[in-house]
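So the structure is just underneath, and the comments pick up after that.
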Amino acid sequence: MKKLLGSVLAVAMAVTFTAGSNACAADYPTKPITLISPYGAGGDSDIAARVWAEFAKKELGQPVLVVNKTGGGGLTGTMFASKAKADGYTLFLGQLGPCVMLPITTKAGGLNKDSFDMVARFATSNTGVVAGTDAPWTTLKDFENDAKQNAGKYTFSDPSATSWLALAFRGWMHNNGIEAKVVQYTSGAEAATAVLGKHGDITFLFKANFDSLVKGDKLKLLAVGEKMEAYPNVPTFNELGYEGGYTAWAAIAAPKGLPAEIREKLQTVTEKICQDPEFIKALENVGYTINYLDGAAMKKNVDVQYLDMQKLLNEMGLAVQ
């Protein structure tokens, strides 16, 4: 009898707990949400987070507070978010650097590619390789040919030692046998300024950092990640015969273990605001393109990118085993 009563009580408690969890998920959110951005205020990542937060709060009925937790090239904020409670009240601005690069280049805090549940991607950011307007190259292929004949002559202005931009372009140089000097800066703006001042020959930037400079004839665009309507004659990396993906993305992620009902609600909200003309305009103003992808598809995307970058960074001696 005691065993029977114990079993009944255990089942009752389990049912009550499940019902309570479902009720919490159905009511979500009942308090403000924190969205962690691992980079500094005012940058393209921070702006993307704040735009999503502003539009999401209207749909969720609760404030979405963006908190910048900087340090370690994004590591501090990434680790903080990965260790947060998986209840939907701490979210993370997922990007290539924190979600793909950091798990390959550091094992701090047990960080890995599965530390986050992907909710949804909401935007991608185009990239471009730029040089001074008086540079002798028309495309990136021209630079490759010249750099191979003049090993070590040219300088790559690195926008940030730990950023995806830096590692992606250094990977391009590695794959194509390019020997160039690398001078590290702390932002895309600094790297662009270095090329403008002839302290560097070439750099790799997000659209937000190169667009106005190219349109103002201050820098020359040699290649882009994806075709751009504004620059129809500028080839993409793939059109020039270079394999790989050269666009970045911004997504909403959460600590591993986010309840499915909450994930689906946040995914639905993200999909809805991605159709809002004002949201589209706000992100386009800072160089992003709306490019929605649900959580499951985004997870597959991250896994593929992780394997590609792991292979490359292993070859470059930058991966931590």
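Convention: chains lettered A, B, ... in structure tokens order; per-chain residue numbering from 1; ligands numbered from 1 as shown.
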| Within 12 Å of Thr70 of chain A, counting only C-alpha atoms, which residues qualify if same-chain residues fewer than 5 places away don't, as a PyMOL selection string? | chain A and resi 36-41+43+45-46+75-81+98
Please produce, as JSON lines, a per-residue contact table for segment 25-114 of chain A versus segment 292-309 of chain A (criterion: any atom at most 8 Å away, only C-alpha atoms considered), showing the nearest atom pair and its distance in Å to one decimal, sorted by chain then residue number.
```
{"residue": "A:Cys99", "atom": "CA", "partner": "A:Val302", "partner_atom": "CA", "distance": 7.6}
{"residue": "A:Val100", "atom": "CA", "partner": "A:Tyr306", "partner_atom": "CA", "distance": 5.4}
{"residue": "A:Met101", "atom": "CA", "partner": "A:Met309", "partner_atom": "CA", "distance": 7.4}
{"residue": "A:Ile104", "atom": "CA", "partner": "A:Tyr306", "partner_atom": "CA", "distance": 7.9}
{"residue": "A:Lys113", "atom": "CA", "partner": "A:Tyr306", "partner_atom": "CA", "distance": 7.4}
```
Just N, CA, C and O atoms for this one: save the residues we selected as a compact mmCIF listing (two decimals), in the first residue's frame.
```txt
# COMPACT_ATOMS: atom_id res chain seq x y z
N CYS A 99 29.09 32.24 -31.64
CA CYS A 99 28.47 30.91 -31.75
C CYS A 99 29.29 29.90 -32.55
O CYS A 99 29.08 28.69 -32.41
N VAL A 100 30.19 30.37 -33.37
CA VAL A 100 31.00 29.47 -34.21
C VAL A 100 32.49 29.59 -33.91
O VAL A 100 33.17 28.60 -33.67
N MET A 101 33.01 30.81 -33.93
CA MET A 101 34.45 31.00 -33.78
C MET A 101 34.94 30.74 -32.35
O MET A 101 35.93 30.02 -32.16
N ILE A 104 35.55 27.24 -31.12
CA ILE A 104 36.69 26.57 -31.78
C ILE A 104 38.01 27.07 -31.21
O ILE A 104 38.96 26.30 -31.04
N LYS A 113 29.65 24.56 -29.41
CA LYS A 113 28.69 24.99 -30.43
C LYS A 113 27.25 24.69 -30.05
O LYS A 113 26.31 25.21 -30.67
```
| request: Run DSSP on the backbone and grab whatever in segment 146-235 of chain A lands in alpha helix (DSSP H); send it over as JSON, numbers by chain. | output: {"A": [146, 147, 148, 149, 164, 165, 166, 167, 168, 169, 170, 171, 172, 173, 174, 175, 188, 189, 190, 191, 192, 193, 194, 195, 196, 207, 208, 209, 210, 211, 212, 213, 214, 215]}
Residues at most 10 Å from segment 64-68 of chain A, counting only C-alpha atoms, excluding those fewer than 4 positions away in the same chain, as a compact mmCIF listing (two decimals) with all heavy atoms, in the first residue's frame?
```
# COMPACT_ATOMS: atom_id res chain seq x y z
N LYS A 31 7.48 39.18 -17.17
CA LYS A 31 8.40 40.18 -16.63
C LYS A 31 9.38 40.58 -17.74
O LYS A 31 9.43 39.94 -18.80
CB LYS A 31 9.14 39.63 -15.42
CG LYS A 31 9.98 38.38 -15.72
CD LYS A 31 10.64 37.85 -14.45
CE LYS A 31 11.50 36.61 -14.76
NZ LYS A 31 12.15 36.08 -13.54
N PRO A 32 10.18 41.62 -17.51
CA PRO A 32 11.13 42.07 -18.54
C PRO A 32 12.13 40.98 -18.94
O PRO A 32 12.49 40.12 -18.14
CB PRO A 32 11.85 43.24 -17.86
CG PRO A 32 10.86 43.76 -16.88
CD PRO A 32 10.15 42.55 -16.35
N ILE A 33 12.55 41.05 -20.20
CA ILE A 33 13.51 40.10 -20.78
C ILE A 33 14.84 40.83 -20.99
O ILE A 33 14.85 42.00 -21.38
CB ILE A 33 12.98 39.58 -22.14
CG1 ILE A 33 11.68 38.79 -21.93
CG2 ILE A 33 14.03 38.73 -22.86
CD1 ILE A 33 10.92 38.54 -23.22
N THR A 34 15.93 40.14 -20.73
CA THR A 34 17.26 40.69 -20.97
C THR A 34 17.85 40.06 -22.23
O THR A 34 17.84 38.84 -22.38
CB THR A 34 18.20 40.41 -19.78
OG1 THR A 34 17.69 41.09 -18.62
CG2 THR A 34 19.61 40.92 -20.07
N LEU A 35 18.34 40.89 -23.13
CA LEU A 35 19.01 40.42 -24.34
C LEU A 35 20.49 40.80 -24.23
O LEU A 35 20.84 41.98 -24.21
CB LEU A 35 18.39 41.05 -25.58
CG LEU A 35 19.06 40.75 -26.93
CD1 LEU A 35 19.10 39.25 -27.21
CD2 LEU A 35 18.34 41.48 -28.07
N ILE A 36 21.35 39.79 -24.11
CA ILE A 36 22.78 40.03 -23.95
C ILE A 36 23.45 40.24 -25.31
O ILE A 36 23.31 39.42 -26.22
CB ILE A 36 23.47 38.84 -23.24
CG1 ILE A 36 22.83 38.57 -21.87
CG2 ILE A 36 24.97 39.08 -23.11
CD1 ILE A 36 23.00 39.69 -20.88
N SER A 37 24.17 41.35 -25.41
CA SER A 37 25.01 41.62 -26.58
C SER A 37 26.45 41.58 -26.10
O SER A 37 26.82 42.33 -25.19
CB SER A 37 24.70 42.98 -27.20
OG SER A 37 25.61 43.28 -28.24
N PRO A 38 27.30 40.71 -26.67
CA PRO A 38 28.67 40.56 -26.15
C PRO A 38 29.66 41.60 -26.64
O PRO A 38 30.84 41.51 -26.32
CB PRO A 38 29.06 39.16 -26.64
CG PRO A 38 28.33 39.02 -27.94
CD PRO A 38 27.02 39.74 -27.75
N TYR A 39 29.18 42.57 -27.41
CA TYR A 39 30.06 43.61 -27.92
C TYR A 39 29.61 44.98 -27.43
O TYR A 39 28.52 45.13 -26.88
CB TYR A 39 30.14 43.55 -29.44
CG TYR A 39 30.65 42.23 -29.97
CD1 TYR A 39 29.82 41.37 -30.67
CD2 TYR A 39 31.96 41.84 -29.73
CE1 TYR A 39 30.30 40.15 -31.14
CE2 TYR A 39 32.44 40.63 -30.17
CZ TYR A 39 31.60 39.77 -30.88
OH TYR A 39 32.07 38.56 -31.33
N GLY A 40 30.42 46.00 -27.65
CA GLY A 40 30.18 47.32 -27.11
C GLY A 40 28.99 48.05 -27.71
O GLY A 40 28.52 47.75 -28.81
N ALA A 41 28.51 49.04 -26.95
CA ALA A 41 27.39 49.86 -27.39
C ALA A 41 27.77 50.68 -28.62
O ALA A 41 28.90 51.15 -28.74
CB ALA A 41 26.96 50.78 -26.26
N ASP A 46 25.37 45.70 -31.55
CA ASP A 46 24.55 46.35 -30.53
C ASP A 46 23.29 46.95 -31.15
O ASP A 46 22.18 46.82 -30.61
CB ASP A 46 25.37 47.43 -29.82
CG ASP A 46 24.55 48.25 -28.85
OD1 ASP A 46 24.07 47.67 -27.86
OD2 ASP A 46 24.39 49.46 -29.08
N ILE A 47 23.45 47.60 -32.28
CA ILE A 47 22.31 48.24 -32.94
C ILE A 47 21.30 47.18 -33.39
O ILE A 47 20.09 47.36 -33.23
CB ILE A 47 22.78 49.10 -34.13
CG1 ILE A 47 23.61 50.28 -33.62
CG2 ILE A 47 21.58 49.61 -34.93
CD1 ILE A 47 24.29 51.08 -34.70
N ALA A 49 20.76 44.30 -32.03
CA ALA A 49 20.09 43.83 -30.82
C ALA A 49 19.02 44.81 -30.38
O ALA A 49 17.89 44.41 -30.02
CB ALA A 49 21.12 43.62 -29.70
N ARG A 50 19.34 46.09 -30.40
CA ARG A 50 18.40 47.10 -29.93
C ARG A 50 17.19 47.26 -30.86
O ARG A 50 16.07 47.52 -30.41
CB ARG A 50 19.12 48.44 -29.72
CG ARG A 50 20.12 48.36 -28.57
CD ARG A 50 20.85 49.66 -28.29
NE ARG A 50 21.89 49.40 -27.30
CZ ARG A 50 21.69 49.32 -25.98
NH1 ARG A 50 20.47 49.51 -25.52
NH2 ARG A 50 22.68 49.08 -25.16
N VAL A 51 17.42 47.11 -32.14
CA VAL A 51 16.30 47.18 -33.09
C VAL A 51 15.36 46.01 -32.86
O VAL A 51 14.13 46.17 -32.78
CB VAL A 51 16.81 47.21 -34.54
CG1 VAL A 51 15.63 47.06 -35.52
CG2 VAL A 51 17.56 48.52 -34.82
N TRP A 52 15.91 44.79 -32.74
CA TRP A 52 15.06 43.61 -32.47
C TRP A 52 14.30 43.81 -31.16
O TRP A 52 13.10 43.54 -31.08
CB TRP A 52 15.90 42.33 -32.40
CG TRP A 52 15.05 41.10 -32.22
CD1 TRP A 52 14.49 40.33 -33.20
CD2 TRP A 52 14.64 40.51 -30.97
NE1 TRP A 52 13.76 39.30 -32.65
CE2 TRP A 52 13.83 39.39 -31.29
CE3 TRP A 52 14.87 40.82 -29.64
CZ2 TRP A 52 13.26 38.57 -30.31
CZ3 TRP A 52 14.30 40.02 -28.65
CH2 TRP A 52 13.51 38.91 -28.99
N ALA A 53 14.99 44.26 -30.13
CA ALA A 53 14.37 44.44 -28.81
C ALA A 53 13.21 45.43 -28.87
O ALA A 53 12.14 45.20 -28.26
CB ALA A 53 15.42 44.92 -27.81
N GLU A 54 13.40 46.52 -29.60
CA GLU A 54 12.38 47.56 -29.68
C GLU A 54 11.09 47.03 -30.33
O GLU A 54 9.98 47.31 -29.86
CB GLU A 54 12.91 48.74 -30.49
CG GLU A 54 11.96 49.91 -30.62
CD GLU A 54 11.64 50.59 -29.30
OE1 GLU A 54 12.45 50.51 -28.36
OE2 GLU A 54 10.56 51.20 -29.21
N PHE A 55 11.24 46.24 -31.38
CA PHE A 55 10.06 45.72 -32.07
C PHE A 55 9.48 44.51 -31.36
O PHE A 55 8.26 44.31 -31.36
CB PHE A 55 10.41 45.39 -33.53
CG PHE A 55 10.49 46.60 -34.41
CD1 PHE A 55 11.64 47.38 -34.43
CD2 PHE A 55 9.43 46.98 -35.20
CE1 PHE A 55 11.73 48.52 -35.23
CE2 PHE A 55 9.49 48.11 -36.01
CZ PHE A 55 10.65 48.89 -36.02
N ALA A 56 10.33 43.69 -30.75
CA ALA A 56 9.85 42.49 -30.06
C ALA A 56 9.01 42.84 -28.84
O ALA A 56 8.04 42.13 -28.52
CB ALA A 56 11.03 41.61 -29.66
N LYS A 57 9.37 43.91 -28.14
CA LYS A 57 8.63 44.25 -26.91
C LYS A 57 7.16 44.57 -27.22
O LYS A 57 6.28 44.33 -26.40
CB LYS A 57 9.30 45.41 -26.18
CG LYS A 57 9.11 46.78 -26.81
CD LYS A 57 9.76 47.87 -25.96
CE LYS A 57 9.50 49.26 -26.54
NZ LYS A 57 10.13 50.32 -25.73
N LYS A 58 6.90 45.10 -28.41
CA LYS A 58 5.52 45.41 -28.79
C LYS A 58 4.70 44.13 -28.93
O LYS A 58 3.51 44.12 -28.62
CB LYS A 58 5.51 46.19 -30.11
CG LYS A 58 6.26 47.51 -30.06
CD LYS A 58 6.34 48.14 -31.44
CE LYS A 58 7.24 49.37 -31.46
NZ LYS A 58 7.40 49.93 -32.82
N LEU A 60 5.60 41.11 -27.46
CA LEU A 60 5.68 40.31 -26.24
C LEU A 60 4.97 40.96 -25.05
O LEU A 60 4.64 40.29 -24.07
CB LEU A 60 7.14 40.05 -25.88
CG LEU A 60 7.90 39.16 -26.86
CD1 LEU A 60 9.41 39.22 -26.59
CD2 LEU A 60 7.41 37.72 -26.78
N GLY A 74 34.30 39.27 -27.03
CA GLY A 74 32.95 38.70 -27.03
C GLY A 74 32.80 37.53 -26.09
O GLY A 74 31.68 37.07 -25.83
N THR A 76 33.31 37.23 -22.76
CA THR A 76 32.68 37.50 -21.46
C THR A 76 31.16 37.41 -21.55
O THR A 76 30.51 36.71 -20.76
CB THR A 76 33.10 38.90 -20.95
OG1 THR A 76 34.51 38.94 -20.81
CG2 THR A 76 32.45 39.19 -19.60
N GLY A 77 30.57 38.12 -22.51
CA GLY A 77 29.12 38.12 -22.66
C GLY A 77 28.59 36.77 -23.11
O GLY A 77 27.51 36.34 -22.68
N TYR A 89 14.05 34.39 -20.12
CA TYR A 89 14.21 35.76 -19.64
C TYR A 89 15.62 36.30 -19.83
O TYR A 89 15.89 37.46 -19.58
CB TYR A 89 13.76 35.87 -18.18
CG TYR A 89 12.25 35.70 -18.06
CD1 TYR A 89 11.69 34.48 -17.69
CD2 TYR A 89 11.40 36.75 -18.40
CE1 TYR A 89 10.32 34.32 -17.63
CE2 TYR A 89 10.02 36.60 -18.35
CZ TYR A 89 9.49 35.38 -17.96
OH TYR A 89 8.12 35.22 -17.93
N THR A 90 16.52 35.43 -20.26
CA THR A 90 17.85 35.87 -20.71
C THR A 90 18.05 35.32 -22.11
O THR A 90 18.10 34.10 -22.30
CB THR A 90 18.97 35.37 -19.79
OG1 THR A 90 18.77 35.88 -18.47
CG2 THR A 90 20.32 35.85 -20.30
N LEU A 91 18.13 36.21 -23.08
CA LEU A 91 18.36 35.83 -24.47
C LEU A 91 19.74 36.33 -24.89
O LEU A 91 20.39 37.09 -24.18
CB LEU A 91 17.28 36.42 -25.38
CG LEU A 91 15.83 36.04 -25.03
CD1 LEU A 91 14.86 36.75 -25.96
CD2 LEU A 91 15.63 34.53 -25.09
N PHE A 92 20.17 35.91 -26.07
CA PHE A 92 21.52 36.22 -26.53
C PHE A 92 21.48 36.59 -28.00
O PHE A 92 20.77 35.95 -28.79
CB PHE A 92 22.42 35.00 -26.32
CG PHE A 92 23.86 35.21 -26.70
CD1 PHE A 92 24.65 36.14 -26.03
CD2 PHE A 92 24.45 34.48 -27.73
CE1 PHE A 92 25.99 36.33 -26.37
CE2 PHE A 92 25.78 34.65 -28.08
CZ PHE A 92 26.54 35.59 -27.39
N LEU A 93 22.23 37.65 -28.36
CA LEU A 93 22.35 37.99 -29.77
C LEU A 93 23.39 37.07 -30.39
O LEU A 93 24.59 37.28 -30.24
CB LEU A 93 22.76 39.45 -29.97
CG LEU A 93 22.81 39.85 -31.44
CD1 LEU A 93 21.39 39.99 -32.00
CD2 LEU A 93 23.59 41.13 -31.66
```
| task | Could you jot down the atom CA of Glu315 of chain A to atom CA of Gln95 of chain A separation for me, Å, one decimal place? | result |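 A separation of 22.8 Å between them.
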| So how far away is atom CA of Ile280 of chain A from atom CA of Asp87 of chain A, in Å? |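 Answer for the atom CA of Asp87 of chain A to atom CA of Ile280 of chain A separation: 28.3 Å.
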| Looking at only C-alpha atoms, which of A:Ala192, A:Ala25, A:His199, A:Ser82 is the one that sits closest to Leu111 of chain A? |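 Comparing A:Ala192, A:Ala25, A:His199, A:Ser82 against Leu111 of chain A, the winner is A:Ser82.
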| field | Distance criterion (only C-alpha atoms): nearest to Ala223 of chain A out of A:Val119, A:Ala191, A:Leu140, A:Met173 | value | A:Leu140
| said: Residues near Leu312 of chain A, anyone? I mean within 10 Å using only C-alpha atoms, not counting same-chain ones fewer than 5 positions away, as a PyMOL selection string. | reply: chain A and resi 167-168+170-172+174-175+306-307+317-319
| task | Would you please work out which residue, of A:Thr133, A:Asn145, A:Thr127, A:Asn150, is nearest to Leu165 of chain A when using only C-alpha atoms? | result |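 Smallest separation from Leu165 of chain A among the options: A:Thr127.
Here atom CA of Gly109 of chain A stands at a distance of 26.0 Å from atom CA of Pro159 of chain A.
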| said: Considering only C-alpha atoms, can you say which of A:Trp249, A:Phe204, A:Phe279, A:Phe237 comes closest to Thr139 of chain A? | reply: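 Nearest to Thr139 of chain A: A:Phe237.
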| Between A:Lys83, A:Gly216, A:Trp164, A:Gly132, which one has atoms that come closest to Asn112 of chain A, using only C-alpha atoms? |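 Between A:Lys83, A:Gly216, A:Trp164, A:Gly132, the residue approaching Asn112 of chain A most closely is A:Lys83.
Listed by chain and then by rising number, the residues of segment 205-281 of chain A that DSSP assigns to strand (DSSP E or B) from the backbone are Leu205, Phe206, Leu219, Lys220, Leu221, Leu222, Ala223, Val224, Thr236, Ala248, Trp249, Ala250, Ala251, Ile252, Ala253, Ala254 and Pro255 of chain A.
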Create the file for the chosen residues now, containing N, CA and C atoms and written as a PDB file, in the first residue's frame.
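New file selection-v4.pdb:
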```
ATOM      1  N   LEU A 205      35.414  44.301 -44.399  1.00  0.00           N
ATOM      2  CA  LEU A 205      34.490  45.034 -43.539  1.00  0.00           C
ATOM      3  C   LEU A 205      33.038  44.640 -43.765  1.00  0.00           C
ATOM      4  N   PHE A 206      32.203  44.953 -42.777  1.00  0.00           N
ATOM      5  CA  PHE A 206      30.763  44.858 -42.956  1.00  0.00           C
ATOM      6  C   PHE A 206      30.293  46.041 -43.785  1.00  0.00           C
ATOM      7  N   LEU A 219      37.123  54.714 -50.910  1.00  0.00           N
ATOM      8  CA  LEU A 219      37.655  53.352 -50.940  1.00  0.00           C
ATOM      9  C   LEU A 219      37.128  52.637 -52.171  1.00  0.00           C
ATOM     10  N   LYS A 220      37.856  51.618 -52.590  1.00  0.00           N
ATOM     11  CA  LYS A 220      37.485  50.821 -53.768  1.00  0.00           C
ATOM     12  C   LYS A 220      37.043  49.430 -53.302  1.00  0.00           C
ATOM     13  N   LEU A 221      35.919  48.956 -53.848  1.00  0.00           N
ATOM     14  CA  LEU A 221      35.361  47.659 -53.463  1.00  0.00           C
ATOM     15  C   LEU A 221      35.842  46.582 -54.432  1.00  0.00           C
ATOM     16  N   LEU A 222      36.531  45.544 -53.907  1.00  0.00           N
ATOM     17  CA  LEU A 222      37.124  44.498 -54.750  1.00  0.00           C
ATOM     18  C   LEU A 222      36.305  43.221 -54.811  1.00  0.00           C
ATOM     19  N   ALA A 223      35.508  42.948 -53.779  1.00  0.00           N
ATOM     20  CA  ALA A 223      34.670  41.743 -53.742  1.00  0.00           C
ATOM     21  C   ALA A 223      33.649  41.909 -52.639  1.00  0.00           C
ATOM     22  N   VAL A 224      32.505  41.236 -52.780  1.00  0.00           N
ATOM     23  CA  VAL A 224      31.460  41.271 -51.751  1.00  0.00           C
ATOM     24  C   VAL A 224      31.031  39.848 -51.406  1.00  0.00           C
ATOM     25  N   THR A 236      31.172  38.679 -56.401  1.00  0.00           N
ATOM     26  CA  THR A 236      31.175  38.026 -55.095  1.00  0.00           C
ATOM     27  C   THR A 236      32.417  37.127 -55.000  1.00  0.00           C
ATOM     28  N   ALA A 248      27.804  37.534 -42.796  1.00  0.00           N
ATOM     29  CA  ALA A 248      27.581  37.303 -41.370  1.00  0.00           C
ATOM     30  C   ALA A 248      26.079  37.310 -41.078  1.00  0.00           C
ATOM     31  N   TRP A 249      25.710  36.953 -39.866  1.00  0.00           N
ATOM     32  CA  TRP A 249      24.290  36.901 -39.518  1.00  0.00           C
ATOM     33  C   TRP A 249      24.060  37.339 -38.077  1.00  0.00           C
ATOM     34  N   ALA A 250      22.799  37.678 -37.805  1.00  0.00           N
ATOM     35  CA  ALA A 250      22.370  38.031 -36.452  1.00  0.00           C
ATOM     36  C   ALA A 250      21.136  37.201 -36.133  1.00  0.00           C
ATOM     37  N   ALA A 251      21.143  36.556 -34.973  1.00  0.00           N
ATOM     38  CA  ALA A 251      20.050  35.665 -34.593  1.00  0.00           C
ATOM     39  C   ALA A 251      19.731  35.833 -33.117  1.00  0.00           C
ATOM     40  N   ILE A 252      18.550  35.410 -32.750  1.00  0.00           N
ATOM     41  CA  ILE A 252      18.183  35.345 -31.339  1.00  0.00           C
ATOM     42  C   ILE A 252      18.439  33.916 -30.873  1.00  0.00           C
ATOM     43  N   ALA A 253      19.196  33.805 -29.785  1.00  0.00           N
ATOM     44  CA  ALA A 253      19.524  32.502 -29.204  1.00  0.00           C
ATOM     45  C   ALA A 253      19.206  32.547 -27.711  1.00  0.00           C
ATOM     46  N   ALA A 254      19.270  31.388 -27.076  1.00  0.00           N
ATOM     47  CA  ALA A 254      18.986  31.299 -25.647  1.00  0.00           C
ATOM     48  C   ALA A 254      19.850  30.205 -25.042  1.00  0.00           C
ATOM     49  N   PRO A 255      20.106  30.265 -23.732  1.00  0.00           N
ATOM     50  CA  PRO A 255      20.861  29.186 -23.092  1.00  0.00           C
ATOM     51  C   PRO A 255      20.236  27.826 -23.379  1.00  0.00           C
TER      52      PRO A 255
END
```
| request: Find the spatial neighbours of Ala260 of chain A, counting only C-alpha atoms, within a cut-off of 12 Å - ignore same-chain residues fewer than 2 positions away - and output them as a ChimeraX atom specification. | output: /A:21-22,24-26,28,86-88,117-119,254,256-258,262-267,295-296
